[in-house]
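Since the structure comes first, as structure tokens, the remarks are kept for the end.
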Amino acid sequence: MADMKREQWNDAAIRVNQIGFSTGFSKAFSTQIVSGSFDVLNVDTDECVLTGTTSPATEDEAAGVRVSSGRLDGLDTPGSYRIRMKDAIESPVFTIAHRPYQAIKLALLRNFYFQRCGMELEEKYAGPWKHAACHLDDGIIHGDDPSIRRKTAGGWHDAGDYGKYIVAAAKAVADLMLAYEAYPSAFEESTNIPESGNGVPDILNETRYELEWMLLLQREDGAVYHKLTTLEFPGLHVMPEDDLAPLVFSPVSFTAAGTFAASMAMASRVFAPFDEAFAAYCRAAAERAWRWMESTESFERVPFRNPREVKTGEYGDRMVIDEHYWAAAELYRLTGESKYLVQAVMLTQSDDFPLCELGWADVGGYGTIALLHALRDAGDDTSTQLRGRLADQWMTRADELLELSERNGFGVSLTQKQYKWGSSMIVMNNGMHLLIAAELTQDSDRHRQYIEAATRQWHYLLGCNVLGICYVTGFGSHSVMHPHHRPSVADRVPLPVPGIVAGGPNLGLNDTAAAALLIGRPPMACYIDHEDSFSTNENTIYWNSPAVYVAAALDSLNR
């Protein structure tokens, strides 16, 4: 059950990143105490090492409290510290270190191993969270001859349930591959998985485990099944190996084909230095999916909808054009063939989808990232103009996020309506966007500002929020303990599986626990650490994946 004392959102308190700060970079905290003086104490010596005064308090509408902030930039000596203000109110202990985010970065990545399906999680890798192999049976195809079976084993469980979905998988593997390409030195350490030590970085070993499952969902004609699940969700107290209901491939979809083609094109590029045969296989799969997309009649290019009998996550979509754009952009970046660029350029003329989003449904940002890289050295005017237009859109959005972050009492870049299902993903997606903006402005005054704004999104995730909770299991002094995650609930291990990113505040209150316990709260406080709250406290692979990107970037600052 939830620790309700920790859920008092309007108490006087000091909120801080509970992991800490990197040496050489800005440091700040937020407080729900009316502005005043503060002392920073060395935990080991109880010596006051810094004094200061917080900013004037301002009303934070999303948090429902008055908030002021304090700067710790005068403190850069490695060690453990706490902040004290009037009435002896103290912050959680935090560290200042050269690389404070190394351990949490590895845990966020390692969590994908704990999501693996179709294999035993052995104790030497999984520790107390071990379990037997699961979901090994072949699956039937919905609406087809039930005697026809397809292989299913492999990949990652998508979330707190055991379903596996192509559009969700595509975002997750894309984030991980982008993180590796941007910050390869951040992934030199082992994550202690079965493939460790094989000469391939573990982030790619883990990504390949998912890619090989995704390949199983491509039909011979290039189409891709949308998802693989049981007909209904299993109970919350069911371990994966005990989920024995029949596995069903839901029908193919245009969005599945588009995101599959895009992520396989990425994989072909990223894995080429390590395994040429696998890279070639991924390219062929991407091109088959593209040919199927191009041959599909326009009336069939519609969002996926669950068949009537299937009650698991739908992962529907309001449009499919952005998936088409991402696939075209990635295939152009991979092959250099003009037909893909022509299609991508045509799709950018549409106002029907955003060009900078990094979600599982709105994927236009991934296509834009691909073209920004592919056109970097373009010599012709048309390509140069396209890159300039896309870069301008990326920077405009980055500036919007920067302004939101600077206005918010906790430094987070969410609007009120964005405190919705999976708000933690939006925060980390925004962090990714800002970090990519920083890479695009290496020689600009804005470069450092974007990095600092991205860092504030990270601080929010790790405790600088109105609830003072670290939304990553296993880290911080007040972290998520009761995620809506079937193995964590059913395995009889007191602690949850580590490295889970919880969904975060959701003003929709879309489950009975949230509706009963959070009614009347402001948006940022609409979160409950309760195993029944799937709308605020579940996990997904695509909430962890942007967090891996941000963690890798910030872990690389002092390397």
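Every chain in the structure tokens takes a letter, A first, then B, and so on in the order presented; its residues are numbered from 1, and the ligands are numbered from 1 following the presented order.
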Who sits within 10 Å of segment 109-115 of chain A, only C-alpha atoms, same chain under 4 positions skipped, as an NGL selection string
:A and (104-105 or 121 or 125-126 or 129-131 or 155-162 or 172 or 176 or 187 or 190-194 or 202-203 or 206-207 or 209-210 or 240 or 487 or 497-501 or 540-541 or 544-545 or 547-549 or 551-552)
Could you give me, as a short mmCIF file (atom, residue, chain, number, x, y, z; two decimals) with C-alpha atoms, in the first residue's frame, the residues within 10 Å of Arg376 of chain A, counting only C-alpha atoms and dropping anything in the same chain fewer than 4 positions from it?
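In the end it all went to result13.cif:
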data_model
loop_
_atom_site.label_atom_id
_atom_site.label_comp_id
_atom_site.auth_asym_id
_atom_site.auth_seq_id
_atom_site.Cartn_x
_atom_site.Cartn_y
_atom_site.Cartn_z
CA LEU A 371 16.86 14.12 -41.74
CA LEU A 372 18.87 16.58 -39.66
CA SER A 383 18.33 19.85 -49.12
CA THR A 384 20.03 22.73 -47.34
CA ARG A 387 17.45 21.02 -43.15
CA GLY A 388 17.30 24.67 -42.19
#
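One distance worth recording is that between atom CA of Phe271 of chain A and atom CA of Gly163 of chain A, which is 26.4 Å.
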So that I can see what lies close to Ser533 of chain A, please list as an MDAnalysis selection string the residues with an atom at most 7 Å from it, counting only C-alpha atoms and leaving out residues fewer than 3 positions away in the same chain.
chainID A and resid 484 511 513:514 528 530 536:537
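With distances restricted to only C-alpha atoms, A:Glu61 is the closest residue to Lys417 of chain A from A:Asp76, A:Glu531, A:Glu61, A:Glu538.
Among the candidate residues A:Leu216, A:Met524, A:Leu557, A:Leu402, the one lying nearest to Gly24 of chain A is A:Leu557, with distances computed using only C-alpha atoms.
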Pick the closest to Met266 of chain A from A:Ala286, A:Ala182, A:Cys526, A:Leu75: which is it, counting only C-alpha atoms?
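Selected residue with least distance to Met266 of chain A: A:Ala286.
Between atom CA of Ala344 of chain A and atom CA of Gly365 of chain A the separation is 12.6 Å.
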Hey, what's within 8 Å of Met319 of chain A if we count only C-alpha atoms and toss same-chain stuff fewer than 3 positions away? As a PyMOL selection string, please?
chain A and resi 302-303+322+353
For the residues in the current selection, export C-alpha atoms as a PDB file, in the first residue's frame.
ATOM      1  CA  VAL A 302      -6.046   3.978 -41.025  1.00  0.00           C
ATOM      2  CA  PRO A 303      -5.247   3.812 -37.307  1.00  0.00           C
ATOM      3  CA  ASP A 322       3.958  10.661 -39.207  1.00  0.00           C
ATOM      4  CA  PHE A 353       1.274  16.116 -37.704  1.00  0.00           C
TER       5      PHE A 353
END
